[in-house]
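**Q** Let me begin by handing over the structure; questions about it come next.
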Amino acid sequence: MKVIEARGLTKEYRGRAVVDQLSMTVNEGDIYGFVGKNGAGKSTVMKMICGLVAPTAGDITLFGSAPSAQPTARVTEAADAPAPGSAPAPRVGAPDPLAPDPARRIGVLIEEPGLLPGLTAYQNLMAKALAMGIVDAPGRCREVLRLVGLDYVERKKVRGFSLGMRQRLGLGMALLGNPDLLLLDEPFNGLDPEATRSLRNLLVHLNEVLGVTMVVSSHVLDQLDRMVTRYGVIADGRMVREMTAEQVQSECGESLLVRTGDPARTLAMLEESFPAVAFRMEPDHAIVLSGALDAEAIAQALRSSGQVILEFSPRRRDLEDYFVSLMEGRRHV
């Protein structure tokens with residue numbers, strides 16, 4: 001099932017399109033890495049998905065519901081569906097007026113979590129749970145605190161929390177209503193390596209064990225690389241490309257860097273011996289090989305031809321360079 005399907009999504013402020021005819025698809029079970037530079041439009045897209053900002057044009061389908069049946073100006077994260085048999089079945093093809101609002105199935109953490117510093121972690125969760133009408137609010141709040149690893153500080157006031165603890169509590173606020181979809185905007189910002197790893201592991205657990213679909217925007221690409229199943233790359237408000245994690249890994253493929261005492265002779269020999277391999281001479285005269293590589297055969301050829309090998313190292317294209325090239329390429333389209 002497509003959890004999010006956006007078509008022609010546009011948002012203008014004072015005549016300037018900050019999101020421009022964007023199309024986006026997030027499938028059930030995805031951890032969708034939303035990648036783009038500051039100001040590319042990521043946060044605005046996420047706000048339109050959850051109903052905090054109304055689009056200027058285009059439409060968004062959530063959980064397969066018709067665009068006309070969706071909210072345009074609010075989001076909450078709770079409420080169970082009406083009990084079976086509590087209302088007549090809707091006509092085929094017509095929206096059910098008693099069906100759960102799609103936005104009520106979304107948990108949101110965009111920008112900084114809205115926390116009350118004078119209250120404890122438990123009190124912050126309770127305030128929201130009561131406002132949402134959650135059944136057994138105390139039990140659910142304690143369950144969420146255990147889930148995000150804050151049960152040991154449930155009575156500590158938030159003003160004394162570290163940034164990582166605040167991020168965890170913000171995630172807990174988003175999880176209160178058992179959402180099917182999480183929208184997380186830069187959740188790793190400002191976290192130390194230990195807190196980042198802990199939060200990443202928690203998100204993977206929520207996805208794999210509880211089946212929560214996620215859209216995660218982040219500049220911390222090495223963390224996304226460890227958890228994301230699909231990517232969307234945005235530049236200047238437009239979607240540049242959507243791809244799977246496997247496609248990214250394939251396109252950031254292996255290469256081989258070779259340095260010898262006579263690079264010109266080495267290059268000529270390698271080109272003649274390995275016609276299926278692509279070669280590139282770097283400004284410092286290192287030779288980069290890519291394509292169908294057999295490192296052992298290449299090393300043997302170098303030794304057999306009497307080359308003095310100064311460096312022979314496998315390399316992988318840097319993930320950051322890869323995404324920057326996609327974003328920069330968009331500017332010249």
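Each chain in the structure tokens gets a letter, A, B and so on, in the order shown; residues start at 1 in every chain, and ligands are counted from 1 in the order they appear.
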Just the residues within 10 Å of A:Leu109, please, counting only C-alpha atoms, with nothing from its chain fewer than 4 positions along; format it as a VMD selection string.

**A** chain A and resid 46 113 to 114 167 170 to 175 182 to 187 216

**Q** Can you write out the residues you just picked, keeping N, CA, C and O atoms, as a PDB file, in the first residue's frame?

**A**
ATOM      1  N   MET A  46       6.884  18.114   4.493  1.00  0.00           N
ATOM      2  CA  MET A  46       6.415  17.313   5.619  1.00  0.00           C
ATOM      3  C   MET A  46       5.245  17.987   6.328  1.00  0.00           C
ATOM      4  O   MET A  46       4.299  17.328   6.767  1.00  0.00           O
ATOM      5  N   PRO A 113      10.879  19.677  19.379  1.00  0.00           N
ATOM      6  CA  PRO A 113       9.683  19.145  20.033  1.00  0.00           C
ATOM      7  C   PRO A 113       9.051  20.198  20.943  1.00  0.00           C
ATOM      8  O   PRO A 113       9.753  20.953  21.619  1.00  0.00           O
ATOM      9  N   GLY A 114       7.731  20.261  20.948  1.00  0.00           N
ATOM     10  CA  GLY A 114       7.013  21.226  21.789  1.00  0.00           C
ATOM     11  C   GLY A 114       6.867  20.707  23.201  1.00  0.00           C
ATOM     12  O   GLY A 114       5.873  20.037  23.534  1.00  0.00           O
ATOM     13  N   GLN A 167      15.021  14.988  22.418  1.00  0.00           N
ATOM     14  CA  GLN A 167      14.637  14.385  21.147  1.00  0.00           C
ATOM     15  C   GLN A 167      13.857  13.089  21.379  1.00  0.00           C
ATOM     16  O   GLN A 167      12.870  12.806  20.693  1.00  0.00           O
ATOM     17  N   GLY A 170      10.439  14.034  22.529  1.00  0.00           N
ATOM     18  CA  GLY A 170       9.671  14.507  21.379  1.00  0.00           C
ATOM     19  C   GLY A 170       9.174  13.352  20.530  1.00  0.00           C
ATOM     20  O   GLY A 170       8.029  13.346  20.051  1.00  0.00           O
ATOM     21  N   LEU A 171      10.028  12.341  20.353  1.00  0.00           N
ATOM     22  CA  LEU A 171       9.601  11.150  19.623  1.00  0.00           C
ATOM     23  C   LEU A 171       8.492  10.437  20.380  1.00  0.00           C
ATOM     24  O   LEU A 171       7.513   9.955  19.789  1.00  0.00           O
ATOM     25  N   GLY A 172       8.620  10.381  21.708  1.00  0.00           N
ATOM     26  CA  GLY A 172       7.562   9.775  22.516  1.00  0.00           C
ATOM     27  C   GLY A 172       6.233  10.494  22.355  1.00  0.00           C
ATOM     28  O   GLY A 172       5.173   9.853  22.271  1.00  0.00           O
ATOM     29  N   MET A 173       6.269  11.818  22.296  1.00  0.00           N
ATOM     30  CA  MET A 173       5.031  12.587  22.078  1.00  0.00           C
ATOM     31  C   MET A 173       4.396  12.205  20.739  1.00  0.00           C
ATOM     32  O   MET A 173       3.176  12.075  20.621  1.00  0.00           O
ATOM     33  N   ALA A 174       5.243  12.011  19.730  1.00  0.00           N
ATOM     34  CA  ALA A 174       4.727  11.643  18.411  1.00  0.00           C
ATOM     35  C   ALA A 174       4.166  10.223  18.393  1.00  0.00           C
ATOM     36  O   ALA A 174       3.304   9.898  17.574  1.00  0.00           O
ATOM     37  N   LEU A 175       4.654   9.372  19.316  1.00  0.00           N
ATOM     38  CA  LEU A 175       4.237   7.967  19.332  1.00  0.00           C
ATOM     39  C   LEU A 175       3.015   7.703  20.201  1.00  0.00           C
ATOM     40  O   LEU A 175       2.491   6.584  20.194  1.00  0.00           O
ATOM     41  N   LEU A 182       5.377   7.971  10.798  1.00  0.00           N
ATOM     42  CA  LEU A 182       6.129   8.984  11.526  1.00  0.00           C
ATOM     43  C   LEU A 182       6.809   9.917  10.542  1.00  0.00           C
ATOM     44  O   LEU A 182       7.447   9.462   9.577  1.00  0.00           O
ATOM     45  N   LEU A 183       6.694  11.221  10.774  1.00  0.00           N
ATOM     46  CA  LEU A 183       7.400  12.234  10.008  1.00  0.00           C
ATOM     47  C   LEU A 183       8.425  12.876  10.936  1.00  0.00           C
ATOM     48  O   LEU A 183       8.050  13.551  11.903  1.00  0.00           O
ATOM     49  N   LEU A 184       9.697  12.661  10.662  1.00  0.00           N
ATOM     50  CA  LEU A 184      10.764  13.116  11.542  1.00  0.00           C
ATOM     51  C   LEU A 184      11.696  14.039  10.780  1.00  0.00           C
ATOM     52  O   LEU A 184      12.349  13.623   9.817  1.00  0.00           O
ATOM     53  N   ASP A 185      11.758  15.289  11.222  1.00  0.00           N
ATOM     54  CA  ASP A 185      12.557  16.305  10.542  1.00  0.00           C
ATOM     55  C   ASP A 185      13.845  16.541  11.314  1.00  0.00           C
ATOM     56  O   ASP A 185      13.830  17.086  12.421  1.00  0.00           O
ATOM     57  N   GLU A 186      14.968  16.101  10.756  1.00  0.00           N
ATOM     58  CA  GLU A 186      16.296  16.252  11.359  1.00  0.00           C
ATOM     59  C   GLU A 186      16.336  15.738  12.802  1.00  0.00           C
ATOM     60  O   GLU A 186      16.730  16.461  13.725  1.00  0.00           O
ATOM     61  N   PRO A 187      15.963  14.488  13.038  1.00  0.00           N
ATOM     62  CA  PRO A 187      15.938  13.986  14.418  1.00  0.00           C
ATOM     63  C   PRO A 187      17.306  13.825  15.055  1.00  0.00           C
ATOM     64  O   PRO A 187      17.403  13.729  16.282  1.00  0.00           O
ATOM     65  N   VAL A 216      12.165  10.310   7.154  1.00  0.00           N
ATOM     66  CA  VAL A 216      13.197  10.915   7.989  1.00  0.00           C
ATOM     67  C   VAL A 216      14.039  11.842   7.134  1.00  0.00           C
ATOM     68  O   VAL A 216      14.714  11.401   6.196  1.00  0.00           O
TER      69      VAL A 216
END

**Q** I want to know what sits within 9 Å of stretch 223-230 of chain A, based on only C-alpha atoms, with residues of the same chain fewer than 2 positions away left out; could you give that as a PDB file with all heavy atoms, in the first residue's frame?

**A**
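Written output follows (selection_8.pdb):
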ATOM      1  N   VAL A  26       5.682   7.079  -0.808  1.00  0.00           N
ATOM      2  CA  VAL A  26       6.222   6.339   0.332  1.00  0.00           C
ATOM      3  C   VAL A  26       5.350   5.105   0.523  1.00  0.00           C
ATOM      4  O   VAL A  26       4.131   5.228   0.696  1.00  0.00           O
ATOM      5  CB  VAL A  26       6.227   7.192   1.622  1.00  0.00           C
ATOM      6  CG1 VAL A  26       6.766   6.379   2.795  1.00  0.00           C
ATOM      7  CG2 VAL A  26       7.060   8.460   1.426  1.00  0.00           C
ATOM      8  N   GLY A  29       5.823   0.356   5.255  1.00  0.00           N
ATOM      9  CA  GLY A  29       7.024  -0.313   5.742  1.00  0.00           C
ATOM     10  C   GLY A  29       8.317   0.370   5.383  1.00  0.00           C
ATOM     11  O   GLY A  29       9.389  -0.038   5.843  1.00  0.00           O
ATOM     12  N   ASP A  30       8.270   1.426   4.579  1.00  0.00           N
ATOM     13  CA  ASP A  30       9.483   2.162   4.214  1.00  0.00           C
ATOM     14  C   ASP A  30      10.069   2.903   5.406  1.00  0.00           C
ATOM     15  O   ASP A  30       9.340   3.409   6.269  1.00  0.00           O
ATOM     16  CB  ASP A  30       9.190   3.213   3.135  1.00  0.00           C
ATOM     17  CG  ASP A  30       9.161   2.650   1.727  1.00  0.00           C
ATOM     18  OD1 ASP A  30       9.597   1.506   1.533  1.00  0.00           O
ATOM     19  OD2 ASP A  30       8.697   3.371   0.816  1.00  0.00           O
ATOM     20  N   ILE A  31      11.389   2.987   5.437  1.00  0.00           N
ATOM     21  CA  ILE A  31      12.067   4.093   6.137  1.00  0.00           C
ATOM     22  C   ILE A  31      12.614   4.948   5.011  1.00  0.00           C
ATOM     23  O   ILE A  31      13.580   4.588   4.341  1.00  0.00           O
ATOM     24  CB  ILE A  31      13.193   3.613   7.064  1.00  0.00           C
ATOM     25  CG1 ILE A  31      12.664   2.663   8.125  1.00  0.00           C
ATOM     26  CG2 ILE A  31      13.867   4.826   7.730  1.00  0.00           C
ATOM     27  CD1 ILE A  31      13.740   2.164   9.095  1.00  0.00           C
ATOM     28  N   TYR A  32      11.953   6.059   4.765  1.00  0.00           N
ATOM     29  CA  TYR A  32      12.194   6.893   3.589  1.00  0.00           C
ATOM     30  C   TYR A  32      13.118   8.032   3.983  1.00  0.00           C
ATOM     31  O   TYR A  32      12.754   8.895   4.792  1.00  0.00           O
ATOM     32  CB  TYR A  32      10.856   7.418   3.085  1.00  0.00           C
ATOM     33  CG  TYR A  32      10.878   8.197   1.781  1.00  0.00           C
ATOM     34  CD1 TYR A  32      10.517   7.591   0.584  1.00  0.00           C
ATOM     35  CD2 TYR A  32      11.212   9.548   1.755  1.00  0.00           C
ATOM     36  CE1 TYR A  32      10.494   8.299  -0.604  1.00  0.00           C
ATOM     37  CE2 TYR A  32      11.207  10.270   0.568  1.00  0.00           C
ATOM     38  CZ  TYR A  32      10.836   9.642  -0.605  1.00  0.00           C
ATOM     39  OH  TYR A  32      10.808  10.350  -1.789  1.00  0.00           O
ATOM     40  N   GLY A  33      14.339   8.030   3.446  1.00  0.00           N
ATOM     41  CA  GLY A  33      15.288   9.098   3.730  1.00  0.00           C
ATOM     42  C   GLY A  33      15.051  10.276   2.801  1.00  0.00           C
ATOM     43  O   GLY A  33      15.188  10.140   1.587  1.00  0.00           O
ATOM     44  N   PHE A  34      14.692  11.416   3.382  1.00  0.00           N
ATOM     45  CA  PHE A  34      14.375  12.618   2.608  1.00  0.00           C
ATOM     46  C   PHE A  34      15.592  13.532   2.662  1.00  0.00           C
ATOM     47  O   PHE A  34      15.895  14.113   3.707  1.00  0.00           O
ATOM     48  CB  PHE A  34      13.143  13.282   3.219  1.00  0.00           C
ATOM     49  CG  PHE A  34      12.406  14.214   2.286  1.00  0.00           C
ATOM     50  CD1 PHE A  34      12.533  14.137   0.910  1.00  0.00           C
ATOM     51  CD2 PHE A  34      11.549  15.173   2.809  1.00  0.00           C
ATOM     52  CE1 PHE A  34      11.836  14.990   0.069  1.00  0.00           C
ATOM     53  CE2 PHE A  34      10.846  16.022   1.985  1.00  0.00           C
ATOM     54  CZ  PHE A  34      10.993  15.928   0.616  1.00  0.00           C
ATOM     55  N   PHE A 188      18.397  13.800  14.242  1.00  0.00           N
ATOM     56  CA  PHE A 188      19.737  13.585  14.795  1.00  0.00           C
ATOM     57  C   PHE A 188      20.484  14.887  15.065  1.00  0.00           C
ATOM     58  O   PHE A 188      21.638  14.845  15.510  1.00  0.00           O
ATOM     59  CB  PHE A 188      20.567  12.718  13.833  1.00  0.00           C
ATOM     60  CG  PHE A 188      19.941  11.398  13.511  1.00  0.00           C
ATOM     61  CD1 PHE A 188      19.561  11.099  12.206  1.00  0.00           C
ATOM     62  CD2 PHE A 188      19.717  10.455  14.495  1.00  0.00           C
ATOM     63  CE1 PHE A 188      18.983   9.883  11.894  1.00  0.00           C
ATOM     64  CE2 PHE A 188      19.145   9.232  14.205  1.00  0.00           C
ATOM     65  CZ  PHE A 188      18.772   8.941  12.899  1.00  0.00           C
ATOM     66  N   THR A 196      23.023   9.505  19.015  1.00  0.00           N
ATOM     67  CA  THR A 196      22.603   9.285  17.628  1.00  0.00           C
ATOM     68  C   THR A 196      22.396   7.804  17.350  1.00  0.00           C
ATOM     69  O   THR A 196      21.387   7.396  16.770  1.00  0.00           O
ATOM     70  CB  THR A 196      23.659   9.856  16.661  1.00  0.00           C
ATOM     71  OG1 THR A 196      23.764  11.270  16.857  1.00  0.00           O
ATOM     72  CG2 THR A 196      23.274   9.589  15.213  1.00  0.00           C
ATOM     73  N   ARG A 197      23.347   6.993  17.771  1.00  0.00           N
ATOM     74  CA  ARG A 197      23.247   5.545  17.562  1.00  0.00           C
ATOM     75  C   ARG A 197      22.038   4.966  18.300  1.00  0.00           C
ATOM     76  O   ARG A 197      21.292   4.139  17.761  1.00  0.00           O
ATOM     77  CB  ARG A 197      24.524   4.854  18.026  1.00  0.00           C
ATOM     78  CG  ARG A 197      24.512   3.342  17.809  1.00  0.00           C
ATOM     79  CD  ARG A 197      25.848   2.708  18.146  1.00  0.00           C
ATOM     80  NE  ARG A 197      26.218   2.914  19.540  1.00  0.00           N
ATOM     81  CZ  ARG A 197      27.182   3.740  19.953  1.00  0.00           C
ATOM     82  NH1 ARG A 197      27.861   4.455  19.074  1.00  0.00           N
ATOM     83  NH2 ARG A 197      27.458   3.858  21.229  1.00  0.00           N
ATOM     84  N   ARG A 200      18.876   6.002  16.446  1.00  0.00           N
ATOM     85  CA  ARG A 200      18.766   5.253  15.190  1.00  0.00           C
ATOM     86  C   ARG A 200      18.269   3.830  15.449  1.00  0.00           C
ATOM     87  O   ARG A 200      17.386   3.325  14.762  1.00  0.00           O
ATOM     88  CB  ARG A 200      20.119   5.211  14.495  1.00  0.00           C
ATOM     89  CG  ARG A 200      20.093   4.535  13.119  1.00  0.00           C
ATOM     90  CD  ARG A 200      21.488   4.207  12.638  1.00  0.00           C
ATOM     91  NE  ARG A 200      22.078   3.089  13.340  1.00  0.00           N
ATOM     92  CZ  ARG A 200      23.292   3.087  13.889  1.00  0.00           C
ATOM     93  NH1 ARG A 200      24.059   4.157  13.822  1.00  0.00           N
ATOM     94  NH2 ARG A 200      23.750   2.013  14.508  1.00  0.00           N
ATOM     95  N   ASN A 201      18.833   3.173  16.459  1.00  0.00           N
ATOM     96  CA  ASN A 201      18.412   1.809  16.779  1.00  0.00           C
ATOM     97  C   ASN A 201      16.947   1.763  17.199  1.00  0.00           C
ATOM     98  O   ASN A 201      16.230   0.803  16.867  1.00  0.00           O
ATOM     99  CB  ASN A 201      19.297   1.234  17.886  1.00  0.00           C
ATOM    100  CG  ASN A 201      20.719   0.966  17.419  1.00  0.00           C
ATOM    101  OD1 ASN A 201      20.968   0.844  16.224  1.00  0.00           O
ATOM    102  ND2 ASN A 201      21.656   0.905  18.350  1.00  0.00           N
ATOM    103  N   LEU A 203      14.569   3.810  16.132  1.00  0.00           N
ATOM    104  CA  LEU A 203      13.747   3.981  14.934  1.00  0.00           C
ATOM    105  C   LEU A 203      13.678   2.686  14.128  1.00  0.00           C
ATOM    106  O   LEU A 203      12.605   2.315  13.622  1.00  0.00           O
ATOM    107  CB  LEU A 203      14.307   5.121  14.076  1.00  0.00           C
ATOM    108  CG  LEU A 203      14.258   6.517  14.701  1.00  0.00           C
ATOM    109  CD1 LEU A 203      14.883   7.542  13.761  1.00  0.00           C
ATOM    110  CD2 LEU A 203      12.832   6.920  15.047  1.00  0.00           C
ATOM    111  N   VAL A 204      14.804   1.998  14.010  1.00  0.00           N
ATOM    112  CA  VAL A 204      14.802   0.716  13.296  1.00  0.00           C
ATOM    113  C   VAL A 204      13.907  -0.289  14.013  1.00  0.00           C
ATOM    114  O   VAL A 204      13.163  -1.050  13.377  1.00  0.00           O
ATOM    115  CB  VAL A 204      16.242   0.183  13.155  1.00  0.00           C
ATOM    116  CG1 VAL A 204      16.239  -1.247  12.606  1.00  0.00           C
ATOM    117  CG2 VAL A 204      17.058   1.091  12.241  1.00  0.00           C
ATOM    118  N   VAL A 216      12.165  10.310   7.154  1.00  0.00           N
ATOM    119  CA  VAL A 216      13.197  10.915   7.989  1.00  0.00           C
ATOM    120  C   VAL A 216      14.039  11.842   7.134  1.00  0.00           C
ATOM    121  O   VAL A 216      14.714  11.401   6.196  1.00  0.00           O
ATOM    122  CB  VAL A 216      14.109   9.840   8.626  1.00  0.00           C
ATOM    123  CG1 VAL A 216      15.113  10.488   9.575  1.00  0.00           C
ATOM    124  CG2 VAL A 216      13.278   8.791   9.367  1.00  0.00           C
ATOM    125  N   SER A 217      13.996  13.142   7.435  1.00  0.00           N
ATOM    126  CA  SER A 217      14.903  14.068   6.762  1.00  0.00           C
ATOM    127  C   SER A 217      16.127  14.250   7.639  1.00  0.00           C
ATOM    128  O   SER A 217      16.014  14.348   8.864  1.00  0.00           O
ATOM    129  CB  SER A 217      14.221  15.419   6.514  1.00  0.00           C
ATOM    130  OG  SER A 217      14.183  16.190   7.694  1.00  0.00           O
ATOM    131  N   SER A 218      17.303  14.260   7.035  1.00  0.00           N
ATOM    132  CA  SER A 218      18.524  14.404   7.819  1.00  0.00           C
ATOM    133  C   SER A 218      19.692  14.753   6.920  1.00  0.00           C
ATOM    134  O   SER A 218      19.743  14.368   5.752  1.00  0.00           O
ATOM    135  CB  SER A 218      18.837  13.107   8.578  1.00  0.00           C
ATOM    136  OG  SER A 218      20.012  13.246   9.350  1.00  0.00           O
ATOM    137  N   HIS A 219      20.648  15.504   7.508  1.00  0.00           N
ATOM    138  CA  HIS A 219      21.918  15.750   6.843  1.00  0.00           C
ATOM    139  C   HIS A 219      22.968  14.728   7.274  1.00  0.00           C
ATOM    140  O   HIS A 219      24.072  14.712   6.729  1.00  0.00           O
ATOM    141  CB  HIS A 219      22.430  17.157   7.181  1.00  0.00           C
ATOM    142  CG  HIS A 219      21.588  18.252   6.607  1.00  0.00           C
ATOM    143  ND1 HIS A 219      20.698  18.970   7.378  1.00  0.00           N
ATOM    144  CD2 HIS A 219      21.467  18.740   5.359  1.00  0.00           C
ATOM    145  CE1 HIS A 219      20.084  19.858   6.613  1.00  0.00           C
ATOM    146  NE2 HIS A 219      20.536  19.739   5.389  1.00  0.00           N
ATOM    147  N   VAL A 220      22.637  13.893   8.264  1.00  0.00           N
ATOM    148  CA  VAL A 220      23.586  12.909   8.776  1.00  0.00           C
ATOM    149  C   VAL A 220      23.471  11.664   7.905  1.00  0.00           C
ATOM    150  O   VAL A 220      22.806  10.686   8.241  1.00  0.00           O
ATOM    151  CB  VAL A 220      23.318  12.583  10.258  1.00  0.00           C
ATOM    152  CG1 VAL A 220      24.449  11.736  10.830  1.00  0.00           C
ATOM    153  CG2 VAL A 220      23.162  13.862  11.071  1.00  0.00           C
ATOM    154  N   LEU A 221      24.128  11.707   6.742  1.00  0.00           N
ATOM    155  CA  LEU A 221      23.917  10.686   5.720  1.00  0.00           C
ATOM    156  C   LEU A 221      24.425   9.318   6.146  1.00  0.00           C
ATOM    157  O   LEU A 221      23.865   8.298   5.739  1.00  0.00           O
ATOM    158  CB  LEU A 221      24.600  11.114   4.420  1.00  0.00           C
ATOM    159  CG  LEU A 221      24.009  12.366   3.756  1.00  0.00           C
ATOM    160  CD1 LEU A 221      24.827  12.741   2.530  1.00  0.00           C
ATOM    161  CD2 LEU A 221      22.551  12.131   3.361  1.00  0.00           C
ATOM    162  N   GLY A 232      14.477   9.831  -1.187  1.00  0.00           N
ATOM    163  CA  GLY A 232      13.993  10.867  -2.078  1.00  0.00           C
ATOM    164  C   GLY A 232      14.936  12.048  -1.968  1.00  0.00           C
ATOM    165  O   GLY A 232      15.267  12.483  -0.854  1.00  0.00           O
ATOM    166  N   GLU A 242      13.783   9.529  -6.799  1.00  0.00           N
ATOM    167  CA  GLU A 242      13.494   8.568  -5.746  1.00  0.00           C
ATOM    168  C   GLU A 242      14.160   7.245  -6.122  1.00  0.00           C
ATOM    169  O   GLU A 242      14.159   6.851  -7.293  1.00  0.00           O
ATOM    170  CB  GLU A 242      11.989   8.364  -5.579  1.00  0.00           C
ATOM    171  CG  GLU A 242      11.281   9.586  -5.010  1.00  0.00           C
ATOM    172  CD  GLU A 242       9.801   9.337  -4.777  1.00  0.00           C
ATOM    173  OE1 GLU A 242       9.093   9.054  -5.774  1.00  0.00           O
ATOM    174  OE2 GLU A 242       9.368   9.429  -3.624  1.00  0.00           O
ATOM    175  N   MET A 243      14.734   6.551  -5.135  1.00  0.00           N
ATOM    176  CA  MET A 243      15.458   5.315  -5.430  1.00  0.00           C
ATOM    177  C   MET A 243      15.518   4.459  -4.175  1.00  0.00           C
ATOM    178  O   MET A 243      15.348   4.954  -3.050  1.00  0.00           O
ATOM    179  CB  MET A 243      16.864   5.631  -5.933  1.00  0.00           C
ATOM    180  CG  MET A 243      17.784   6.220  -4.885  1.00  0.00           C
ATOM    181  SD  MET A 243      19.047   7.314  -5.558  1.00  0.00           S
ATOM    182  CE  MET A 243      18.214   8.876  -5.287  1.00  0.00           C
ATOM    183  N   THR A 244      15.758   3.169  -4.359  1.00  0.00           N
ATOM    184  CA  THR A 244      15.907   2.267  -3.231  1.00  0.00           C
ATOM    185  C   THR A 244      17.312   2.357  -2.664  1.00  0.00           C
ATOM    186  O   THR A 244      18.243   2.831  -3.322  1.00  0.00           O
ATOM    187  CB  THR A 244      15.624   0.814  -3.647  1.00  0.00           C
ATOM    188  OG1 THR A 244      16.637   0.398  -4.576  1.00  0.00           O
ATOM    189  CG2 THR A 244      14.248   0.682  -4.295  1.00  0.00           C
ATOM    190  N   ALA A 245      17.469   1.855  -1.444  1.00  0.00           N
ATOM    191  CA  ALA A 245      18.801   1.814  -0.836  1.00  0.00           C
ATOM    192  C   ALA A 245      19.735   0.940  -1.659  1.00  0.00           C
ATOM    193  O   ALA A 245      20.931   1.233  -1.775  1.00  0.00           O
ATOM    194  CB  ALA A 245      18.695   1.288   0.592  1.00  0.00           C
ATOM    195  N   GLU A 246      19.192  -0.128  -2.254  1.00  0.00           N
ATOM    196  CA  GLU A 246      20.023  -1.006  -3.091  1.00  0.00           C
ATOM    197  C   GLU A 246      20.535  -0.263  -4.321  1.00  0.00           C
ATOM    198  O   GLU A 246      21.689  -0.456  -4.729  1.00  0.00           O
ATOM    199  CB  GLU A 246      19.221  -2.235  -3.518  1.00  0.00           C
ATOM    200  CG  GLU A 246      18.928  -3.219  -2.399  1.00  0.00           C
ATOM    201  CD  GLU A 246      17.795  -2.760  -1.492  1.00  0.00           C
ATOM    202  OE1 GLU A 246      17.065  -1.801  -1.870  1.00  0.00           O
ATOM    203  OE2 GLU A 246      17.630  -3.343  -0.406  1.00  0.00           O
ATOM    204  N   GLN A 247      19.706   0.585  -4.913  1.00  0.00           N
ATOM    205  CA  GLN A 247      20.152   1.362  -6.064  1.00  0.00           C
ATOM    206  C   GLN A 247      21.272   2.326  -5.680  1.00  0.00           C
ATOM    207  O   GLN A 247      22.239   2.505  -6.420  1.00  0.00           O
ATOM    208  CB  GLN A 247      18.974   2.138  -6.662  1.00  0.00           C
ATOM    209  CG  GLN A 247      17.987   1.274  -7.420  1.00  0.00           C
ATOM    210  CD  GLN A 247      16.764   2.055  -7.856  1.00  0.00           C
ATOM    211  OE1 GLN A 247      16.127   2.736  -7.060  1.00  0.00           O
ATOM    212  NE2 GLN A 247      16.449   1.980  -9.147  1.00  0.00           N
ATOM    213  N   VAL A 248      21.131   2.955  -4.515  1.00  0.00           N
ATOM    214  CA  VAL A 248      22.178   3.875  -4.058  1.00  0.00           C
ATOM    215  C   VAL A 248      23.487   3.126  -3.848  1.00  0.00           C
ATOM    216  O   VAL A 248      24.556   3.583  -4.278  1.00  0.00           O
ATOM    217  CB  VAL A 248      21.743   4.582  -2.761  1.00  0.00           C
ATOM    218  CG1 VAL A 248      22.907   5.371  -2.152  1.00  0.00           C
ATOM    219  CG2 VAL A 248      20.570   5.508  -3.024  1.00  0.00           C
ATOM    220  N   LEU A 319      29.208   8.656  -0.038  1.00  0.00           N
ATOM    221  CA  LEU A 319      27.756   8.840  -0.094  1.00  0.00           C
ATOM    222  C   LEU A 319      27.388  10.316  -0.178  1.00  0.00           C
ATOM    223  O   LEU A 319      26.479  10.707  -0.921  1.00  0.00           O
ATOM    224  CB  LEU A 319      27.115   8.199   1.141  1.00  0.00           C
ATOM    225  CG  LEU A 319      25.604   8.014   1.123  1.00  0.00           C
ATOM    226  CD1 LEU A 319      25.197   7.020   0.045  1.00  0.00           C
ATOM    227  CD2 LEU A 319      25.111   7.541   2.479  1.00  0.00           C
TER     228      LEU A 319
END

**Q** Give me, as a VMD selection string, the residues of stretch 110-163 of chain A that a backbone DSSP run labels helix (DSSP H, G or I).

**A** chain A and resid 121 to 132 137 to 147 151 to 153 158 to 160 163

**Q** So which bits of stretch 160-330 of chain A end up strand (DSSP E) when you DSSP the backbone, as a ChimeraX atom specification?

**A** /A:181-185,213-217,230-235,238-244,254-260,277-281,287-291,309-316

**Q** Quick check, in Å to one decimal: how far apart do atom CA of A:Thr56 and atom CA of A:Lys11 lie?

**A**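 Between atom CA of A:Thr56 and atom CA of A:Lys11 the gap is 4.8 Å.
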
**Q** Restricting the calculation to only C-alpha atoms, which member of A:Asn38, A:Thr260, A:Thr120, A:Ser325 is positioned closest to A:Gly306?

**A**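 For A:Gly306, the nearest of the candidates is A:Thr260.
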
**Q** Give me the residues within 12 Å of A:Leu289 as JSON, numbers by chain, counting only C-alpha atoms and dropping any in the same chain fewer than 2 places off.

**A** {"A": [253, 254, 255, 256, 257, 258, 259, 266, 267, 270, 271, 274, 275, 276, 277, 278, 279, 280, 281, 282, 286, 287, 291, 292, 293, 294, 295, 298, 312, 313, 314, 315, 316, 317]}

**Q** Do a neighbour search on A:Gly160 at 12 Å with only C-alpha atoms, toss out local chain neighbours closer than 3 positions, and write the hits as a list in words.

**A**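 Selected residues are Leu116, Pro117, Gly118, Leu119, Thr120, Ala121, Val153, Glu154, Arg155, Lys156, Lys157, Leu163, Gly164, Met165 and Arg166 of chain A.
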
**Q** In Å, rounded to a single decimal, give me how far atom CA of A:Glu320 is from atom CA of A:Leu181.

**A**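 Those two atoms sit 26.8 Å apart.
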
**Q** In terms of the shortest atom-to-atom distance over only C-alpha atoms, which of A:Leu310, A:Leu9, A:Leu115, A:Leu176 is closest to A:Arg142?

**A**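 For A:Arg142, the nearest of the given residues is A:Leu176.
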
**Q** Work out how far atom CA of A:Arg241 is from atom CA of A:Val53, in Å to one decimal.

**A** 23.6 Å

**Q** Need to verify the contact set: A:Pro55, 12 Å, only C-alpha atoms, exclusion of same-chain residues closer than 2 positions in sequence. Can you return it as a VMD selection string?

**A** chain A and resid 6 to 13 17 to 22 44 to 53 57 to 60 71 to 73

**Q** Would you list the contacts of A:Val148 as a list in words, taking every protein, DNA or RNA residue within 9 Å and counting only C-alpha atoms, but skipping same-chain residues closer than 4 positions in sequence?

**A**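 Everything that qualifies: Glu143, Val144, Arg168, Leu169, Leu171, Gly172, Leu199 and Leu202 of chain A.
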